[in-house]
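Text of the file protein_13.txt, holding compact mmCIF, C-alpha atoms and all ligand atoms:
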```txt
# COMPACT_ATOMS: atom_id res chain seq x y z
CA MET E 16 93.90 143.85 143.00
CA THR E 17 94.29 143.26 139.30
CA ALA E 18 92.79 145.56 136.70
CA PRO E 19 90.80 144.10 133.76
CA VAL E 20 92.78 143.60 130.58
CA GLU E 21 90.94 146.45 128.77
CA HIS E 22 92.58 148.80 131.27
CA HIS E 23 96.04 147.66 130.14
CA LEU E 24 95.09 147.90 126.47
CA ARG E 25 93.94 151.53 126.61
CA PRO E 26 95.93 154.09 124.62
CA GLY E 27 99.10 155.57 126.11
CA THR E 28 102.16 157.58 125.11
CA LEU E 29 104.41 154.53 124.81
CA GLN E 30 104.36 152.65 121.49
CA LEU E 31 106.05 149.22 121.45
CA PRO E 32 106.75 148.10 117.87
CA SER E 33 105.99 144.47 118.84
CA LEU E 34 105.50 142.38 121.97
CA PRO E 35 108.61 140.61 123.35
CA PRO E 36 108.98 136.83 123.71
CA LEU E 37 106.98 135.45 126.63
CA ALA E 38 108.25 133.04 129.31
CA LEU E 39 106.51 131.47 132.29
CA TYR E 40 107.91 131.24 135.84
CA VAL E 41 106.23 128.90 138.34
CA HIS E 42 107.20 129.24 142.00
CA LEU E 43 107.01 126.26 144.39
CA PRO E 44 107.79 127.78 147.80
CA TRP E 45 108.75 124.94 150.18
CA CYS E 46 112.09 123.56 151.36
CA LEU E 47 113.21 120.90 153.84
CA ALA E 48 115.00 123.59 155.86
CA LYS E 49 115.68 127.30 155.44
CA CYS E 50 119.33 127.99 154.55
CA PRO E 51 120.89 130.79 156.64
CA TYR E 52 121.87 132.91 153.60
CA CYS E 53 118.63 132.57 151.65
CA ASP E 54 116.17 135.43 151.11
CA PHE E 55 114.08 133.69 148.46
CA ASN E 56 110.41 133.11 149.17
CA SER E 57 111.00 129.66 150.63
CA HIS E 58 109.32 128.15 153.67
CA GLU E 59 110.42 125.23 155.81
CA ILE E 60 107.90 122.37 155.52
CA GLY E 61 108.54 121.07 159.04
CA SER E 62 106.33 118.16 160.00
CA THR E 63 103.24 119.21 158.01
CA PRO E 64 102.70 117.37 154.71
CA LEU E 65 103.13 119.43 151.55
CA PRO E 66 99.68 120.70 150.40
CA GLU E 67 100.57 119.57 146.88
CA GLN E 68 97.05 119.11 145.49
CA ARG E 69 95.75 122.42 146.81
CA TYR E 70 98.81 124.26 145.60
CA LEU E 71 98.49 122.77 142.10
CA ALA E 72 94.83 123.78 142.05
CA ALA E 73 95.83 127.31 143.12
CA LEU E 74 98.44 127.51 140.35
CA GLN E 75 95.85 126.46 137.79
CA ALA E 76 93.36 129.06 139.06
CA ASP E 77 96.12 131.69 139.07
CA LEU E 78 97.07 130.91 135.47
CA GLU E 79 93.45 130.83 134.30
CA SER E 80 92.87 134.30 135.76
CA ALA E 81 96.07 135.61 134.13
CA LEU E 82 95.39 134.20 130.66
CA PRO E 83 93.62 137.28 129.24
CA LEU E 84 96.86 139.26 129.78
CA VAL E 85 98.80 137.00 127.39
CA TRP E 86 96.07 135.61 125.19
CA GLY E 87 97.41 133.64 122.22
CA ARG E 88 101.08 134.49 122.83
CA PRO E 89 103.45 131.49 122.43
CA VAL E 90 105.60 130.61 125.46
CA VAL E 91 109.33 130.19 124.80
CA SER E 92 110.37 128.72 128.17
CA VAL E 93 109.04 127.52 131.50
CA PHE E 94 111.05 127.65 134.73
CA ILE E 95 109.76 125.74 137.75
CA GLY E 96 111.76 127.30 140.58
CA GLY E 97 111.71 127.62 144.32
CA GLY E 98 112.06 126.81 147.04
CA THR E 99 112.73 123.19 146.26
CA PRO E 100 110.47 122.08 143.38
CA SER E 101 111.94 118.57 143.51
CA LEU E 102 110.03 118.08 146.79
CA PHE E 103 106.90 117.78 144.67
CA SER E 104 106.00 114.29 143.44
CA SER E 105 106.69 113.46 139.80
CA VAL E 106 102.94 112.89 139.40
CA GLY E 107 102.38 116.44 140.70
CA ILE E 108 104.95 117.89 138.28
CA GLU E 109 103.41 115.91 135.43
CA SER E 110 99.98 117.25 136.23
CA LEU E 111 101.39 120.80 136.48
CA ILE E 112 103.06 120.54 133.07
CA SER E 113 99.96 119.10 131.42
CA THR E 114 97.90 121.95 132.90
CA LEU E 115 100.39 124.44 131.45
CA ARG E 116 100.26 122.72 128.07
CA SER E 117 96.47 122.70 128.04
CA LEU E 118 96.21 126.41 128.87
CA LEU E 119 99.19 127.95 127.06
CA PRO E 120 100.66 127.47 123.58
CA LEU E 121 104.13 126.20 124.57
CA GLU E 122 106.51 126.41 121.61
CA PRO E 123 107.56 122.99 120.27
CA ALA E 124 111.15 123.47 121.49
CA CYS E 125 110.06 125.07 124.75
CA GLU E 126 112.76 124.80 127.43
CA ILE E 127 111.22 123.43 130.65
CA THR E 128 113.60 123.74 133.61
CA LEU E 129 113.03 122.32 137.08
CA GLU E 130 115.16 123.24 140.10
CA ALA E 131 116.24 120.28 142.20
CA ASN E 132 118.16 120.00 145.44
CA PRO E 133 120.52 117.10 146.14
CA GLY E 134 119.05 114.53 148.47
CA THR E 135 115.41 115.25 147.68
CA PHE E 136 114.94 112.72 144.92
CA GLU E 137 115.68 109.17 143.99
CA ARG E 138 116.79 108.09 140.56
CA GLU E 139 113.34 106.91 139.47
CA ARG E 140 111.64 110.17 140.41
CA PHE E 141 114.25 111.99 138.45
CA ARG E 142 113.53 110.02 135.31
CA ALA E 143 109.85 110.55 135.94
CA PHE E 144 110.43 114.34 135.88
CA ALA E 145 111.94 113.88 132.42
CA ARG E 146 108.97 111.77 131.31
CA ALA E 147 106.68 114.50 132.67
CA GLY E 148 108.21 116.92 130.17
CA VAL E 149 111.07 118.56 132.12
CA ASN E 150 113.94 118.89 129.63
CA ARG E 151 116.46 120.84 131.72
CA LEU E 152 117.44 120.29 135.35
CA SER E 153 119.12 122.88 137.56
CA ILE E 154 120.78 121.41 140.64
CA GLY E 155 121.58 123.53 143.69
CA VAL E 156 124.93 122.04 144.68
CA GLN E 157 126.65 125.17 146.11
CA SER E 158 129.82 123.20 146.99
CA PHE E 159 131.20 119.66 146.86
CA ASP E 160 133.01 120.17 150.19
CA ASP E 161 131.37 118.66 153.29
CA ALA E 162 132.82 121.22 155.70
CA LEU E 163 131.71 124.19 153.55
CA LEU E 164 128.25 122.70 153.02
CA LYS E 165 127.88 122.41 156.77
CA ARG E 166 129.04 125.98 157.32
CA ILE E 167 126.37 127.31 154.96
CA GLY E 168 123.69 125.17 156.59
CA ARG E 169 122.91 122.86 153.67
CA VAL E 170 120.95 119.73 154.50
CA HIS E 171 122.77 117.56 151.92
CA ASP E 172 126.37 116.38 151.86
CA ALA E 173 128.96 116.23 149.09
CA ALA E 174 128.24 112.58 148.23
CA GLN E 175 124.56 113.41 147.70
CA ALA E 176 125.57 116.40 145.56
CA ARG E 177 127.76 114.18 143.37
CA ALA E 178 125.02 111.55 143.11
CA ALA E 179 122.49 114.22 142.07
CA VAL E 180 124.72 115.68 139.37
CA HIS E 181 125.61 112.20 138.13
CA GLU E 182 121.93 111.32 137.79
CA ALA E 183 121.20 114.63 136.08
CA SER E 184 123.99 114.06 133.56
CA GLU E 185 122.65 110.57 132.79
CA THR E 186 119.04 111.69 132.41
CA PHE E 187 119.16 115.19 130.94
CA ASP E 188 120.89 116.52 127.92
CA ARG E 189 120.61 120.01 129.38
CA PHE E 190 121.47 120.51 133.03
CA ASN E 191 122.93 123.24 135.22
CA ILE E 192 124.96 123.15 138.41
CA ASP E 193 124.57 126.07 140.86
CA LEU E 194 127.72 126.77 142.86
CA MET E 195 128.52 129.57 145.29
CA TYR E 196 131.98 130.97 146.06
CA ALA E 197 133.53 133.26 148.69
CA LEU E 198 131.98 130.90 151.24
CA PRO E 199 132.82 131.21 154.96
CA GLY E 200 136.48 130.22 155.44
CA GLN E 201 136.82 129.02 151.80
CA THR E 202 140.39 128.86 150.48
CA MET E 203 141.56 129.11 146.87
CA GLN E 204 142.44 125.44 147.04
CA GLN E 205 138.90 124.55 148.08
CA LEU E 206 137.50 126.62 145.22
CA HIS E 207 139.70 124.74 142.75
CA ALA E 208 138.52 121.44 144.23
CA ASP E 209 134.88 122.52 143.74
CA LEU E 210 135.60 123.50 140.13
CA ASP E 211 137.44 120.19 139.53
CA GLN E 212 134.41 118.27 140.66
CA ALA E 213 131.85 120.39 138.84
CA LEU E 214 133.78 120.39 135.55
CA ALA E 215 134.40 116.64 135.73
CA PHE E 216 130.69 116.18 134.98
CA ARG E 217 131.13 118.17 131.75
CA PRO E 218 128.06 120.32 132.50
CA PRO E 219 126.56 122.24 129.54
CA HIS E 220 125.80 125.11 131.98
CA LEU E 221 127.19 126.38 135.27
CA SER E 222 125.93 129.21 137.49
CA VAL E 223 128.43 130.49 140.02
CA TYR E 224 127.30 133.09 142.55
CA HIS E 225 129.30 135.18 144.99
CA LEU E 226 127.76 134.47 148.42
CA THR E 227 125.94 137.64 149.44
CA ILE E 228 124.66 138.42 152.90
CA GLU E 229 121.05 139.42 152.41
CA PRO E 230 119.07 141.43 154.97
CA ASN E 231 116.62 139.43 157.09
CA THR E 232 118.57 136.18 156.91
CA ARG E 233 120.29 134.33 159.73
CA PHE E 234 123.67 135.21 158.23
CA ALA E 235 122.74 138.91 158.39
CA LEU E 236 122.15 138.59 162.14
CA ASP E 237 125.33 136.66 162.73
CA PRO E 238 127.65 137.12 159.73
CA PRO E 239 130.30 134.44 159.25
CA GLU E 240 133.93 135.29 158.42
CA ARG E 241 134.32 135.34 154.63
CA PRO E 242 137.14 135.74 152.08
CA ASP E 243 138.13 139.41 151.62
CA ASP E 244 137.48 141.26 148.34
CA ASP E 245 140.96 140.54 146.94
CA LEU E 246 140.61 136.81 147.47
CA ALA E 247 137.01 136.86 146.16
CA ASN E 248 138.21 138.66 142.99
CA ASP E 249 141.01 136.13 142.52
CA MET E 250 138.41 133.40 142.92
CA LEU E 251 136.24 134.94 140.21
CA ASP E 252 139.27 135.14 137.88
CA ALA E 253 139.98 131.47 138.54
CA ILE E 254 136.34 130.58 137.86
CA THR E 255 136.34 132.50 134.57
CA ASP E 256 139.67 131.00 133.41
CA ARG E 257 138.87 127.43 134.35
CA THR E 258 135.38 127.45 132.87
CA GLN E 259 136.70 128.99 129.66
CA SER E 260 139.36 126.29 129.32
CA ALA E 261 136.57 123.75 129.78
CA GLY E 262 134.62 125.28 126.87
CA LEU E 263 132.10 127.23 128.95
CA ASN E 264 131.73 130.91 128.08
CA ARG E 265 130.88 133.50 130.71
CA TYR E 266 127.87 134.91 128.87
CA GLU E 267 126.42 136.71 131.90
CA VAL E 268 127.78 137.90 135.26
CA SER E 269 127.18 134.53 136.97
CA ALA E 270 126.33 132.23 134.05
CA PHE E 271 128.69 130.02 132.03
CA ALA E 272 127.61 127.85 129.10
CA ARG E 273 128.79 125.83 126.17
CA PRO E 274 127.83 127.56 122.90
CA GLY E 275 124.13 127.02 122.26
CA ARG E 276 123.51 125.82 125.85
CA GLU E 277 122.71 129.22 127.37
CA CYS E 278 119.58 129.21 129.53
CA VAL E 279 116.72 130.38 127.28
CA HIS E 280 114.62 131.38 130.26
CA ASN E 281 117.23 133.56 131.96
CA LEU E 282 118.39 135.04 128.65
CA ASN E 283 114.84 136.23 128.15
CA TYR E 284 114.98 138.10 131.52
CA TRP E 285 118.29 139.70 130.62
CA GLN E 286 117.01 140.70 127.18
CA PHE E 287 114.07 142.37 128.93
CA GLY E 288 111.56 139.87 127.59
CA ASP E 289 108.16 139.25 129.16
CA TYR E 290 107.35 136.65 131.80
CA LEU E 291 104.24 135.67 133.57
CA GLY E 292 105.04 134.63 137.15
CA ILE E 293 102.59 132.32 138.91
CA GLY E 294 102.86 130.89 142.42
CA ALA E 295 103.47 132.37 145.87
CA GLY E 296 105.42 135.64 145.72
CA ALA E 297 106.13 135.26 141.97
CA HIS E 298 106.98 138.38 139.97
CA GLY E 299 105.86 139.01 136.42
CA LYS E 300 106.43 141.53 133.63
CA VAL E 301 103.92 141.72 130.81
CA SER E 302 104.01 144.19 127.92
CA PHE E 303 101.05 145.68 126.07
CA PRO E 304 101.21 147.91 123.00
CA HIS E 305 101.23 151.08 125.16
CA ARG E 306 102.62 150.04 128.57
CA VAL E 307 104.65 147.55 130.59
CA LEU E 308 103.01 146.00 133.63
CA ARG E 309 104.73 144.48 136.68
CA GLN E 310 102.85 142.15 138.99
CA VAL E 311 103.55 140.31 142.21
CA ARG E 312 101.55 137.47 143.81
CA TRP E 313 100.73 136.97 147.50
CA ARG E 314 103.90 135.83 149.20
CA GLU E 315 102.79 133.65 152.10
CA PRO E 316 101.93 130.19 150.64
CA MET E 317 98.63 129.61 152.51
CA THR E 318 97.44 133.15 151.78
CA TYR E 319 98.42 132.64 148.16
CA ILE E 320 96.45 129.39 147.90
CA ALA E 321 93.32 130.98 149.35
CA ARG E 322 93.58 134.13 147.23
CA ALA E 323 94.48 132.32 144.00
CA LEU E 324 91.52 129.98 144.39
CA ALA E 325 89.36 133.10 144.72
CA ALA E 326 90.88 134.49 141.48
CA GLU E 327 92.82 137.13 143.47
CA ALA E 328 96.40 135.83 143.23
CA VAL E 329 97.90 139.24 142.45
CA SER E 330 98.78 141.27 145.56
CA ASN E 331 100.26 144.22 143.70
CA GLU E 332 100.63 145.52 140.19
CA HIS E 333 101.94 148.70 138.65
CA GLU E 334 102.76 150.16 135.29
CA VAL E 335 106.49 150.84 134.80
CA ALA E 336 107.06 154.58 134.47
CA ARG E 337 108.46 155.70 131.12
CA ASP E 338 111.88 156.83 132.40
CA ALA E 339 112.22 153.79 134.68
CA LEU E 340 111.88 151.54 131.62
CA ALA E 341 115.22 152.60 130.16
CA PHE E 342 116.96 151.96 133.51
CA GLU E 343 115.30 148.56 133.95
CA PHE E 344 116.33 147.57 130.44
CA MET E 345 119.97 148.58 131.07
CA LEU E 346 120.02 146.91 134.49
CA ASN E 347 119.30 143.60 132.75
CA ALA E 348 120.96 143.88 129.35
CA LEU E 349 124.33 145.13 130.65
CA ARG E 350 124.66 141.88 132.61
CA LEU E 351 125.15 140.08 129.30
CA ARG E 352 128.80 139.80 128.24
CA GLY E 353 127.83 140.39 124.61
CA GLY E 354 125.62 143.36 125.52
CA PHE E 355 122.60 144.05 123.33
CA PRO E 356 121.79 144.99 119.73
CA THR E 357 120.97 148.70 119.54
CA THR E 358 117.60 147.84 117.94
CA LEU E 359 116.58 145.79 121.01
CA PHE E 360 116.38 148.89 123.20
CA PHE E 361 113.59 150.36 121.08
CA GLU E 362 111.86 147.00 120.64
CA ARG E 363 111.59 146.43 124.39
CA THR E 364 111.06 149.95 125.73
CA GLY E 365 109.43 151.78 122.82
CA LEU E 366 111.99 154.55 123.43
CA PRO E 367 114.70 155.65 121.00
CA LEU E 368 118.27 154.84 122.07
CA SER E 369 118.91 158.60 121.85
CA SER E 370 116.82 158.97 125.04
CA ILE E 371 119.81 157.57 127.01
CA GLU E 372 122.54 159.17 124.86
CA PRO E 373 123.86 161.46 127.66
CA ALA E 374 124.29 158.47 130.00
CA LEU E 375 125.89 156.40 127.22
CA GLN E 376 128.36 159.21 126.60
CA ARG E 377 129.23 159.45 130.31
CA ALA E 378 129.75 155.68 130.44
CA GLU E 379 131.91 155.77 127.32
CA ALA E 380 134.02 158.65 128.66
CA ARG E 381 134.74 156.58 131.77
CA GLY E 382 135.69 153.54 129.68
CA LEU E 383 132.75 151.51 131.00
CA ILE E 384 131.07 150.65 127.70
CA GLU E 385 132.02 149.81 124.13
CA ARG E 386 129.62 150.46 121.28
CA ASP E 387 129.16 150.79 117.56
CA ALA E 388 126.09 151.30 115.38
CA PHE E 389 124.88 147.77 116.09
CA VAL E 390 125.83 146.78 119.63
CA VAL E 391 126.26 148.29 123.10
CA ARG E 392 128.07 146.32 125.78
CA ALA E 393 130.00 146.74 128.99
CA SER E 394 133.77 146.99 128.50
CA ALA E 395 135.99 144.66 130.57
CA LYS E 396 136.23 147.49 133.13
CA GLY E 397 132.47 148.14 133.00
CA PHE E 398 131.80 144.45 133.58
CA ASP E 399 134.03 144.54 136.69
CA PHE E 400 132.27 147.67 137.99
CA LEU E 401 128.82 146.78 136.77
CA SER E 402 126.75 148.48 139.45
CA ASP E 403 128.64 151.77 138.91
CA LEU E 404 127.85 151.45 135.21
CA GLN E 405 124.19 150.60 135.78
CA GLN E 406 123.75 153.57 138.15
CA LEU E 407 124.53 155.94 135.28
CA PHE E 408 121.19 155.00 133.72
CA LEU E 409 119.07 155.74 136.80
CA PRO E 410 116.13 158.01 135.98
CA PRO E 411 116.44 161.56 137.33
CA ALA E 412 115.11 161.73 140.92
C1 LIG D 501 116.41 130.03 143.76
S1 LIG D 501 117.90 129.57 144.55
C2 LIG D 501 117.42 128.00 145.07
C3 LIG D 501 117.77 126.74 144.42
C4 LIG D 501 117.64 125.54 145.32
N1 LIG D 501 116.54 125.64 146.22
C5 LIG D 501 118.89 125.34 146.16
O1 LIG D 501 119.04 126.04 147.14
O2 LIG D 501 119.66 124.45 145.84
C6 LIG D 501 119.00 129.50 143.19
C7 LIG D 501 120.45 129.68 143.55
O3 LIG D 501 120.71 130.97 144.04
C8 LIG D 501 121.94 130.93 144.75
N2 LIG D 501 121.78 131.73 145.98
C9 LIG D 501 120.78 131.71 146.85
N3 LIG D 501 121.00 132.60 147.86
C10 LIG D 501 122.20 133.18 147.61
C11 LIG D 501 123.00 134.18 148.27
N4 LIG D 501 122.61 134.75 149.40
N5 LIG D 501 124.17 134.53 147.70
C12 LIG D 501 124.57 133.96 146.53
N6 LIG D 501 123.87 133.03 145.88
C13 LIG D 501 122.70 132.64 146.39
C14 LIG D 501 122.24 129.47 145.04
O4 LIG D 501 123.33 129.05 144.27
C15 LIG D 501 120.98 128.76 144.62
O5 LIG D 501 121.22 127.47 144.12
S1 LIG D 502 117.13 125.14 149.64
FE1 LIG D 502 117.38 126.86 148.20
S2 LIG D 502 115.45 128.01 148.23
FE2 LIG D 502 115.46 126.59 149.98
S3 LIG D 502 116.17 127.82 151.68
FE3 LIG D 502 117.97 126.81 150.80
S4 LIG D 502 118.76 128.25 149.24
FE4 LIG D 502 116.71 128.92 149.78
```
As structure tokens, please, write out the structure in this file.
Ligand SMILES: C[S@@+](CC[C@H](N)C(=O)[O-])C[C@H]1O[C@@H](n2cnc3c(N)ncnc32)[C@H](O)[C@@H]1O
Ligand code: SF4
Amino acid sequence: MTAPVEHHLRPGTLQLPSLPPLALYVHLPWCLAKCPYCDFNSHEIGSTPLPEQRYLAALQADLESALPLVWGRPVVSVFIGGGTPSLFSSVGIESLISTLRSLLPLEPACEITLEANPGTFERERFRAFARAGVNRLSIGVQSFDDALLKRIGRVHDAAQARAAVHEASETFDRFNIDLMYALPGQTMQQLHADLDQALAFRPPHLSVYHLTIEPNTRFALDPPERPDDDLANDMLDAITDRTQSAGLNRYEVSAFARPGRECVHNLNYWQFGDYLGIGAGAHGKVSFPHRVLRQVRWREPMTYIARALAAEAVSNEHEVARDALAFEFMLNALRLRGGFPTTLFFERTGLPLSSIEPALQRAEARGLIERDAFVVRASAKGFDFLSDLQQLFLPPA
């Protein structure tokens, strides 16, 4: 399914001045149970043992086949996401990271994040992840309230969530807590209680997501009663105020960090950097001097294993059309509170900023952006109505 690298290197009308920073995403697709709101590529393990060895071999084969696309480029960050990566043994994670190190030039300060779920690890395993080279842990807590956790179908309880965050804070200098808000039946008081507990751990990074009902999930079939828009907006205001008072800046729609503790990996997505995505269903974006390529891997884990071992991990790839590039850039970069340097637009898309001048003017006239010669960013209003703002940059149909 994948074209040889010479095909991507052929001349074209686009001319990128340089290649963007490169990150690596590794997808581990299994979970203990499928949460009713989740549309990620995650599969319940059930009673079958995790095919850890075969999956690691598939990841290695996948990466080896992809190497010519990124030959010699240093890697700024690695994100091992899922699914529930912490279901893998620490020996498995160690072997994965040493494979990555042997095949790719990871930068000396490379951020290596692993996603972990409460209740899927013991303290020792956790430390072993750190010894294996993981230097940032992201814990999917969602809430510290037993009743809310039950309502959203989580398999862990609040005590396990607290234990997990406590262990993370003892073991890792850099860690993140994922929370969700506007949960079924959640009150403002419950939100404050969740924030109290999260902030008590003094996390360097917090991600707080509005619960969304995604198609093809159990919640889509049988939607629970949720806070209305007014209450959800008040909740977001409370989240922004409380995190700010605790020294965490809202640097992206859902991300809050102490200065210097922003997630390098996610920042690279939002700044329209490159990423190779390996593992079942993983997405990737890789730039070449004259084009930008998007790839996706086989989604179903057993199919992925078989295809990756046969050097056919990619199920689909396409070149991003010239006018879609500007939209894709804006879709990402406008999510950042600080916006983007005007020079970055040309660096990442190879297009002059003047190519979106009419849309920028429309956005400015509606008070949705602020800009000067150096920076473009969403205004406070634009940040509140982000999808309206992003739509203005859609390519003509
Ligand atoms: C890749 S997911 C999975 C992380 C981990 N497996 C877990 O569930 O704890 C990363 C985060 O996305 C958020 N998330 C997943 N589905 C969501 C939804 N439907 N609405 C809002 N946030 C969601 C959750 O906070 C979750 O921790
Ligand atoms: S544990 Fe995380 S990835 Fe797995 S089903 Fe639940 S939300 Fe999705």
Selection within 9 Å of ligand LIG 501 (chain D) by all atoms listed in the file, output as a PDB file with C-alpha atoms, in the coordinates of the input:
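Result went into out_18.pdb, see below:
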```
ATOM      1  CA  TRP E  45     108.750 124.940 150.180  1.00  0.00           C
ATOM      2  CA  CYS E  46     112.090 123.560 151.360  1.00  0.00           C
ATOM      3  CA  CYS E  50     119.330 127.990 154.550  1.00  0.00           C
ATOM      4  CA  PRO E  51     120.890 130.790 156.640  1.00  0.00           C
ATOM      5  CA  TYR E  52     121.870 132.910 153.600  1.00  0.00           C
ATOM      6  CA  CYS E  53     118.630 132.570 151.650  1.00  0.00           C
ATOM      7  CA  ASP E  54     116.170 135.430 151.110  1.00  0.00           C
ATOM      8  CA  PHE E  55     114.080 133.690 148.460  1.00  0.00           C
ATOM      9  CA  ASN E  56     110.410 133.110 149.170  1.00  0.00           C
ATOM     10  CA  SER E  57     111.000 129.660 150.630  1.00  0.00           C
ATOM     11  CA  GLY E  96     111.760 127.300 140.580  1.00  0.00           C
ATOM     12  CA  GLY E  97     111.710 127.620 144.320  1.00  0.00           C
ATOM     13  CA  GLY E  98     112.060 126.810 147.040  1.00  0.00           C
ATOM     14  CA  THR E  99     112.730 123.190 146.260  1.00  0.00           C
ATOM     15  CA  PRO E 100     110.470 122.080 143.380  1.00  0.00           C
ATOM     16  CA  SER E 101     111.940 118.570 143.510  1.00  0.00           C
ATOM     17  CA  GLU E 130     115.160 123.240 140.100  1.00  0.00           C
ATOM     18  CA  ALA E 131     116.240 120.280 142.200  1.00  0.00           C
ATOM     19  CA  ASN E 132     118.160 120.000 145.440  1.00  0.00           C
ATOM     20  CA  PRO E 133     120.520 117.100 146.140  1.00  0.00           C
ATOM     21  CA  SER E 153     119.120 122.880 137.560  1.00  0.00           C
ATOM     22  CA  ILE E 154     120.780 121.410 140.640  1.00  0.00           C
ATOM     23  CA  GLY E 155     121.580 123.530 143.690  1.00  0.00           C
ATOM     24  CA  VAL E 156     124.930 122.040 144.680  1.00  0.00           C
ATOM     25  CA  GLN E 157     126.650 125.170 146.110  1.00  0.00           C
ATOM     26  CA  ARG E 169     122.910 122.860 153.670  1.00  0.00           C
ATOM     27  CA  ILE E 192     124.960 123.150 138.410  1.00  0.00           C
ATOM     28  CA  ASP E 193     124.570 126.070 140.860  1.00  0.00           C
ATOM     29  CA  LEU E 194     127.720 126.770 142.860  1.00  0.00           C
ATOM     30  CA  MET E 195     128.520 129.570 145.290  1.00  0.00           C
ATOM     31  CA  TYR E 196     131.980 130.970 146.060  1.00  0.00           C
ATOM     32  CA  SER E 222     125.930 129.210 137.490  1.00  0.00           C
ATOM     33  CA  VAL E 223     128.430 130.490 140.020  1.00  0.00           C
ATOM     34  CA  TYR E 224     127.300 133.090 142.550  1.00  0.00           C
ATOM     35  CA  HIS E 225     129.300 135.180 144.990  1.00  0.00           C
ATOM     36  CA  LEU E 226     127.760 134.470 148.420  1.00  0.00           C
ATOM     37  CA  THR E 227     125.940 137.640 149.440  1.00  0.00           C
ATOM     38  CA  ILE E 228     124.660 138.420 152.900  1.00  0.00           C
ATOM     39  CA  GLU E 229     121.050 139.420 152.410  1.00  0.00           C
ATOM     40  CA  THR E 232     118.570 136.180 156.910  1.00  0.00           C
ATOM     41  CA  PHE E 234     123.670 135.210 158.230  1.00  0.00           C
TER      42      PHE E 234
END
```
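Between CA of Leu375 in chain E and CA of Phe303 in chain E the separation is 27.1 Å.
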Starting from 3 Å padding per side, set up an axis-aligned box that covers all listed atoms of range 239-254 of chain E and hand over centre and edge lengths in Å, one decimal, as JSON.
```
{"center_x": 135.7, "center_y": 135.9, "center_z": 148.6, "size_x": 16.7, "size_y": 16.7, "size_z": 27.4}
```
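Of the residues listed (E:His220, E:Arg392, E:His42, E:Arg363), E:His42 shows the shortest atom-to-atom separation from Val311 in chain E; distances use only C-alpha atoms.
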Checklist entry - For ligand LIG 502 (chain D), which of E:Lys396, E:His280, E:Lys49, E:Arg25 is the closest residue, counting all atoms listed in the file? => result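 Once distances to ligand LIG 502 (chain D) are computed over all atoms listed in the file, the minimum belongs to E:Lys49.
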Checklist entry - Skipping near chain neighbours, those fewer than 5 positions away, what residues fall within 10 Å of Ala215 in chain E using all atoms listed in the file, listed as a list in words? => result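 In the requested form, the answer reads Asp209, Leu210 and Ala261 of chain E.
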Checklist entry - Hey, which of E:Arg142, E:Arg352, E:Arg377, E:Arg312 ends up closest to Ala395 in chain E? Count only C-alpha atoms. => result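 Once distances to Ala395 in chain E are computed over only C-alpha atoms, the minimum belongs to E:Arg352.
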Next on the checklist: I need the residue nearest ligand LIG 502 (chain D) from this list: E:Ala18, E:Leu82, E:Val149, E:Ala48. Use all atoms listed in the file for the distance.
Outcome noted: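 Under the stated criterion, the closest residue is E:Ala48.
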Next on the checklist: Report as number ranges by chain all protein, DNA and RNA residues lying within 12 Å of Ser104 in chain E, evaluated on all atoms listed in the file, omitting residues in the same chain fewer than 6 positions from it.
Outcome noted: E: 65-68, 71, 110-111, 131, 135-137, 139-144, 147
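Proximity to ligand LIG 502 (chain D) was assessed for E:Ala323, E:Pro242, E:Pro44, E:Ala253 counting only C-alpha atoms and all ligand atoms; the smallest distance is recorded for E:Pro44.
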